[in-house]
Structure formats: C-alpha cells, structure tokens
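Colleague: Before I ask anything, let me first share the structure, which is written out below as structure tokens.
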Amino acid sequence: MVVPSLFAAGAGDPPPIPGARLGAADAPVRPLLLWVRTGAAHVRLDGGPMLHLKAGEGAWIPADGWAERAITTEPGTVAFPLWPHVGVGAWGLSELTRFDVPSGRQDWLIQLFNLQVTPFNGRGYSPEAIEEFLRRPGSRSPTPVGVGRNPSSEEFASPAMPRARGARAVAEELIRDPALDLTVEHWASRVLSSARTLRRDFLADTGLTFEQWRLLCRLAAAVEFLAAGYDVDQVAARVGFASRNGLTRAFKGRFGLTPHEFGRELSARPGAGGLTQRAAAARQTDDLIRMTRKMDTPAAPEMLPAASTPSHTNDIHVLSWMYRGSGYLDIGDRRYERERGVATWIPAEMEHVTGLRENSVSLPLGNVSTGDLQLTVPLQVRFSPAWDDYLMFCSISARSGLRPDDHNPRHILDLFAEQVAAQRALSVPMPTDPRARAVAMECLRRIGESGGTHDVDVRAEIHRAFRDETGMTLGRWRYAARMRIARDLLAGGAQPSAVARRIGYAHLPTFSAAFSRFHGLSPRGYQQRESERNQ
C-alpha cells in the first residue's frame, strides 16, 4: 500500500451553493428521475403547473408526452438528476409522478448517479430494482391523468366562460384564484371597463349574473379541493367563503350534499383519486400530498455492492471523492487507499483501476487539463462532513446539465488552490531517503502551523539526508516550500494577510520580510507584477 500526498482542506466553511437549472437542451431524451437531497427544486412541463419538490422528495419524468422540460433549483439545493435504463417505465410509468425517498434509499441513489457518470460497473442497480423503487405504494401523479376520471363532470364543472374580452379576463383571474373578493366596480377598473358593461357581458355570454357566475366558480373549485383531500375549513378559506357554514349552505344548495357528505361519497367511489390541475397545484404549493411510507415499502439494500472500474486511462486529471466507506486506486503494482472524506486527484495518462468496497459511495468532482495542473502521482485532499453537500453539488454540476448559468469547469481547481499550491511545493528538491521524505511530507501537511516539524524532533541522520540530497538544511527546505506555496496563493489572488496565516506566519510584517528575501519582491509587489503579466 502507498500513502500519497495528503493535505487537509481549508478549515473554513464551504462556499454557498448557487441555484441551477436544467433545460430541455441539456438532457438526453430519456426518462428522468430527479431527487432533491437538500433545498427545493421546481419542475415544469410544457408550461403547465409548476411541480415543487422539497428535500427528501423526487419526481419521475417520463420521456414522452411533453415537448419542453424545465428544471430549476433554489440556492442551497442539492438535486440529483438520474437517467435510468430506457427500459424503466415500460410497465406503465408513463406519467409525471412524485414520491418520497426514504432515508435508507438516499445513498443508493447517490451511488446510482456515480455509476451513471463513471466507468464503474453497476451490479445491484438493475432497471427492475429502480422500477420497484418507483412503483412502491404511495407514489402518485401530481397532475391529472385525465380530467374525466375525477369528479369534474358537467354537474361539478366550472361555469361557462364569457366571450367578451373584459369579462373573460375577470373570469380567468377568478378561475386562478376563486378567493379574490373584489367588487364589480373594482374588477371593471382593472379591465378598463365599466361595472354596467361587465355585468351585461357576463349575463349575455353565460346566462348568469356576475355574482352567480362567481359563486359557481367557487363551488367548482371547492369540489376539486375536497376531492384532493382538503378539509372543509381549508376549502372554505381557499375558495373565498368567510366561514365553513357559508360554504356548506351554498354547496348543499347547489349539489344536494354537504361538503362532508360529498367527500365521504367520493372516498367510496372507485377510480376517483385523480387530481385536477388546480388541486394538483395547490397540493404542490402546500406540500400536503406526500406519499406515505408506512406500509409495504421495499426495504433499503442492507449493503451497497462493491464496484470497480476496468483498467483505463484518462487524458485529463480526474478528482474523485469518497463520500461513504472506503475504496482504493491501483496504479501498476501500487495501491493507494481512499478513505471517507478524501478526494483523490488521479493523474492523466496513467492506467489505473478504481475500486469501491461494500457499502461505499464515491463521486467524481471534476477534472482539469494537464496544462492547468502538473501531476505525476496521486494527490489527496481530506474534507470534513460539513463539505458533503457542496461537494455533491460540484459532482452534479460537473457530470450533468443541472448547473448554474455561469458554471466554470475550472472552479474545482480554484477550490483546491491551497492544496494545489502545496503539491507544487514538491517541485522544491525532495530528499530520496524514505525517512527524510516522510519528514518533508509531514512538513507540507503541517505547513500552516507556526512551528511545523521542529528540528529538535528530527534525528541527526535526517538532517544529514536533507543537506546531502537537497543541498539545504531542513529549516531552509521548509522555508523554501513555504515561499513556493505563498507565491502560488498570491498569484491566485489571496490577500497577503491570509497567505501569511496559511503558511504559518502569525504576523504579516514577518511574512512580508521573509517573502521579500526569498523572491526579491514584496507580496503585494509580486501580486501586481503577476496581474500585469496576465492582462
């Protein structure tokens, strides 16, 4: 086993996660399973009602039946887009379906994303397993399967729409929000008409007075909300009645049943569970429909299967992060261990095998060209669990079309500027003696500590190896490594005071003097020169 260069990630908080979007042009024309791990996402098909998903919820979006698909996520959201095998959905999953993701299945879906975008084998992730997951009890369509399948027959339908422009505009507003309680005069002013003309148009086009038309509109909406499972008090408030009693009187006068009796009769009617668009939109907005996971939910896999890639090479450096468990990277006869929280830069043009042990999950975070990073051996960076969500977002942005509008693939290199700078410090002559080299790597790992590896802690033969093999004492070597790291951090735009702290200097003047002695320029002078060169 070989222990590669291992550096700790910055101690600060991860950057904020920006919003992202996935347009129709960014995704293959295949079924899509979207799962929201944190935050909130929104799905719209063909300009229809917006489907709102919050953390722990997912949506199955079929490949057929729509022309345009738009998916957006709010800032702070981690949402995984998954494109299962084309065979998934062949057994009737032809509708937009929302479902909850039990906690035991979440890592299974993360690993499914990894298998989708990497060369790992996919044993244990068959189309049938995904189909079973989607079809478990409680998954439901948030949009109507067919309006005729729910209680929207002529008896319960909204009243006829007026044809006159002003009256129709008012009617459309009331259809959207039947609880709007404006006077005829107010409505008339909104559509640039008069109250008299508005009343005349409603009566002429629908055979109903404005007040009668609005009442029937509210009752039709009440039917939809009752069918969706809202209680009578909620329905009364939603459709514009001041009280439960007012709704009950009007409802019974129109349909011969109280709202409670209507709901009871509906629950006993087979096939009456579909939702109209209005009820579906209300459910989505309020998050009141949720799939229950109390009965017959298939158990989560007790163990995620082990996985590995075939032996292969990349023409770019690839960054792979262990989110859960452990794995390994085999290059030739050398094995590099990968632990939870460790991200490993895999060098380009090196034949390798990447493996995951049972119950382990990894994700690719991005890649950079050989021109952006010189790398001949694996470089590892350790992250705390506080970074999990941000690193998952990086993976999704790198390997799917769900990303911010201003996504820059090179941002992953900027994120690891300190670690890359430390790796570049390896260009300082390194001792070949194994014990001396181990001390050098420990110095780099502890570069931010004011003392670093104290000379008094090092045996005399190690000091001799540094002098003989690098031409520098250990102290001089550590100073050179710090100045190399400082140079790269300053070139990347870091403030001199921050660089000083990062490489172990408690005071800026002390760091400035040391930098000037080594490079012949002050830290700010060096930054200015590099900025002018890049213009």
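Letters for chains follow the order of the structure tokens (A, B, ...), residue numbers begin at 1 for each chain, and ligand numbers begin at 1 in the order shown.
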Can you list, as a list of chain:residue names, every protein, DNA or RNA residue that comes within 7 Å of Leu356 in chain A when you count only C-alpha atoms, leaving out same-chain residues fewer than 3 positions away?

Modeller: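 Residues meeting the cut-off are A:Ala306, A:Ala307, A:Ser308, A:Ser326, A:Gly327, A:Tyr328, A:Ser360.
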
Colleague: Enumerate, as a PyMOL selection string, the complete set of residues in range 389-502 of chain A that a backbone-based DSSP assignment places in helix (DSSP H, G or I).

Modeller: chain A and resi 389-399+411-415+417-427+434-445+455-457+460-470+474-491+496-502

Colleague: Contacts of Thr344 in chain A at 7 Å or less, counting only C-alpha atoms, minus same-chain residues fewer than 5 places along, as a PyMOL selection string?

Modeller: chain A and resi 319-321+378-381

Colleague: Could you write those residues out with all heavy atoms, as a CSV table (one decimal), in the first residue's frame?

Modeller:
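Ended up saving to result_11.csv:
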chain,number,residue,atom,x,y,z
A,319,LEU,N,-10.8,14.2,-10.5
A,319,LEU,CA,-10.9,14.2,-9.0
A,319,LEU,C,-12.0,13.4,-8.5
A,319,LEU,O,-13.2,13.6,-8.9
A,319,LEU,CB,-11.1,15.7,-8.6
A,319,LEU,CG,-11.1,16.0,-7.0
A,319,LEU,CD1,-9.8,15.6,-6.4
A,319,LEU,CD2,-11.4,17.4,-6.8
A,320,SER,N,-11.8,12.4,-7.7
A,320,SER,CA,-12.8,11.5,-7.2
A,320,SER,C,-12.8,11.6,-5.7
A,320,SER,O,-11.8,11.5,-5.0
A,320,SER,CB,-12.5,10.1,-7.7
A,320,SER,OG,-13.5,9.2,-7.1
A,321,TRP,N,-14.0,11.7,-5.1
A,321,TRP,CA,-14.2,11.9,-3.7
A,321,TRP,C,-14.9,10.7,-3.0
A,321,TRP,O,-16.0,10.3,-3.6
A,321,TRP,CB,-15.0,13.2,-3.5
A,321,TRP,CG,-15.5,13.5,-2.1
A,321,TRP,CD1,-14.8,13.6,-0.9
A,321,TRP,CD2,-16.9,13.7,-1.8
A,321,TRP,NE1,-15.7,13.8,0.1
A,321,TRP,CE2,-17.0,13.9,-0.4
A,321,TRP,CE3,-18.1,13.7,-2.5
A,321,TRP,CZ2,-18.2,14.1,0.3
A,321,TRP,CZ3,-19.3,14.0,-1.9
A,321,TRP,CH2,-19.3,14.2,-0.5
A,378,PRO,N,-0.7,10.5,-7.5
A,378,PRO,CA,-2.0,10.9,-6.9
A,378,PRO,C,-1.8,12.0,-5.8
A,378,PRO,O,-0.8,11.9,-5.0
A,378,PRO,CB,-2.6,9.6,-6.4
A,378,PRO,CG,-1.9,8.6,-7.2
A,378,PRO,CD,-0.5,9.1,-7.4
A,379,LEU,N,-2.7,12.9,-5.8
A,379,LEU,CA,-2.7,13.9,-4.7
A,379,LEU,C,-4.1,13.8,-4.0
A,379,LEU,O,-5.1,13.8,-4.6
A,379,LEU,CB,-2.6,15.3,-5.3
A,379,LEU,CG,-2.9,16.5,-4.4
A,379,LEU,CD1,-1.8,16.6,-3.3
A,379,LEU,CD2,-2.9,17.8,-5.2
A,380,GLN,N,-4.0,13.8,-2.7
A,380,GLN,CA,-5.3,13.6,-1.9
A,380,GLN,C,-5.5,14.8,-1.0
A,380,GLN,O,-4.6,15.4,-0.4
A,380,GLN,CB,-5.2,12.3,-1.1
A,380,GLN,CG,-5.2,11.0,-1.9
A,380,GLN,CD,-5.4,9.8,-1.1
A,380,GLN,OE1,-5.0,9.7,0.0
A,380,GLN,NE2,-6.1,8.8,-1.7
A,381,VAL,N,-6.8,15.1,-0.9
A,381,VAL,CA,-7.3,16.2,0.0
A,381,VAL,C,-8.4,15.7,0.9
A,381,VAL,O,-9.3,15.0,0.4
A,381,VAL,CB,-7.8,17.4,-0.9
A,381,VAL,CG1,-8.2,18.5,-0.1
A,381,VAL,CG2,-6.8,17.8,-1.9

Colleague: Identify which of the residues A:Leu115, A:Ala204, A:Met430, A:Met322 lies closest to Met392 in chain A, counting only C-alpha atoms when measuring atom-to-atom distances.

Modeller: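 Checking each of A:Leu115, A:Ala204, A:Met430, A:Met322 against Met392 in chain A, counting only C-alpha atoms, the winner is A:Met322.
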
Colleague: If I take CA of Arg399 in chain A and CA of Ala343 in chain A, how far is one from the other in Å, to one decimal?

Modeller: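 Value for the CA of Arg399 in chain A-CA of Ala343 in chain A distance: 16.2 Å.
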
Colleague: Excluding Ala79 in chain A and residues on its chain fewer than 2 positions from it, collect all residues at most 9 Å away from it, counting only C-alpha atoms, and give them as an NGL selection string.

Modeller: :A and (34-41 or 55 or 58 or 73 or 77 or 81 or 392-393 or 396 or 402)

Colleague: Excluding same-chain residues fewer than 6 positions from Met472 in chain A, what lies within 10 Å of it counting only C-alpha atoms, as a ChimeraX atom specification?

Modeller: /A:429,431,463-466,478,480

Colleague: Generate the output file for the selected residues, C-alpha atoms, as an mmCIF file, in the first residue's frame.

Modeller:
data_model
loop_
_atom_site.group_PDB
_atom_site.id
_atom_site.type_symbol
_atom_site.label_atom_id
_atom_site.label_comp_id
_atom_site.auth_asym_id
_atom_site.auth_seq_id
_atom_site.Cartn_x
_atom_site.Cartn_y
_atom_site.Cartn_z
ATOM 1 C CA PRO A 429 14.084 19.455 -4.267
ATOM 2 C CA PRO A 431 15.080 14.073 -0.350
ATOM 3 C CA HIS A 463 19.204 16.431 8.844
ATOM 4 C CA ARG A 464 22.180 14.874 7.063
ATOM 5 C CA ALA A 465 19.923 13.441 4.343
ATOM 6 C CA PHE A 466 18.361 16.861 3.705
ATOM 7 C CA ARG A 478 10.863 24.254 4.927
ATOM 8 C CA ALA A 480 11.650 27.348 0.503
#

Colleague: Just the strand (DSSP E) stuff from range 363-421 of chain A, please, per backbone DSSP, written as a PyMOL selection string.

Modeller: chain A and resi 363-368+379-382

Colleague: My list of candidates is A:Asp64, A:Thr72, A:Arg502, A:Glu172. Which is closest to Gly401 in chain A when distances are computed with only C-alpha atoms?

Modeller: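 Selected residue with least distance to Gly401 in chain A: A:Thr72.
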
Colleague: Just the number, please: distance in Å from CA of Gly504 in chain A to CA of Arg482 in chain A, one decimal.

Modeller: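 Separating CA of Gly504 in chain A from CA of Arg482 in chain A is a distance of 8.5 Å.
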
Colleague: Would you list the contacts of Arg44 in chain A as a ChimeraX atom specification, taking every protein, DNA or RNA residue within 8 Å and counting only C-alpha atoms, but skipping same-chain residues closer than 6 positions in sequence?

Modeller: /A:50-51,69-71

Colleague: Kindly export the residues of the current selection with N, CA, C and O atoms, as a short mmCIF file (atom, residue, chain, number, x, y, z; two decimals), in the first residue's frame.

Modeller:
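The result, written out as again28.cif:
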data_model
loop_
_atom_site.label_atom_id
_atom_site.label_comp_id
_atom_site.auth_asym_id
_atom_site.auth_seq_id
_atom_site.Cartn_x
_atom_site.Cartn_y
_atom_site.Cartn_z
N MET A 50 -46.45 24.25 -12.08
CA MET A 50 -45.13 24.00 -11.52
C MET A 50 -45.22 22.91 -10.46
O MET A 50 -46.09 22.94 -9.59
N LEU A 51 -44.35 21.91 -10.56
CA LEU A 51 -44.25 20.88 -9.54
C LEU A 51 -43.12 21.25 -8.60
O LEU A 51 -41.97 21.41 -9.03
N ARG A 69 -39.15 20.71 -21.16
CA ARG A 69 -38.99 20.38 -19.74
C ARG A 69 -38.01 21.37 -19.14
O ARG A 69 -36.93 21.58 -19.67
N ALA A 70 -38.40 21.99 -18.04
CA ALA A 70 -37.53 22.96 -17.37
C ALA A 70 -37.43 22.57 -15.89
O ALA A 70 -38.45 22.38 -15.23
N ILE A 71 -36.21 22.47 -15.40
CA ILE A 71 -35.96 22.14 -14.00
C ILE A 71 -35.05 23.22 -13.42
O ILE A 71 -34.01 23.53 -14.00
#

Colleague: Mind giving me the straight-line distance from CA of Gly240 in chain A to CA of Glu224 in chain A in Å, one decimal?

Modeller: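 If I compute the distance from CA of Gly240 in chain A to CA of Glu224 in chain A, I get 14.2 Å.
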
Colleague: Just checking: using only C-alpha atoms, which residue out of A:Met483, A:Ala167, A:Ala227, A:Leu22 ends up closest to Val184 in chain A?

Modeller: A:Ala167

Colleague: Within 9 Å of Ile110 in chain A, counting only C-alpha atoms, which residues show up once you throw out same-chain ones fewer than 6 positions away? Write them as a ChimeraX atom specification, please.

Modeller: /A:80,361-363,392

Colleague: With only C-alpha atoms as the basis for distance, which of A:Leu304, A:Val428, A:Ala228, A:Leu180 is at the shortest distance from Ala242 in chain A?

Modeller: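 Among the listed residues, A:Leu180 lies closest to Ala242 in chain A.
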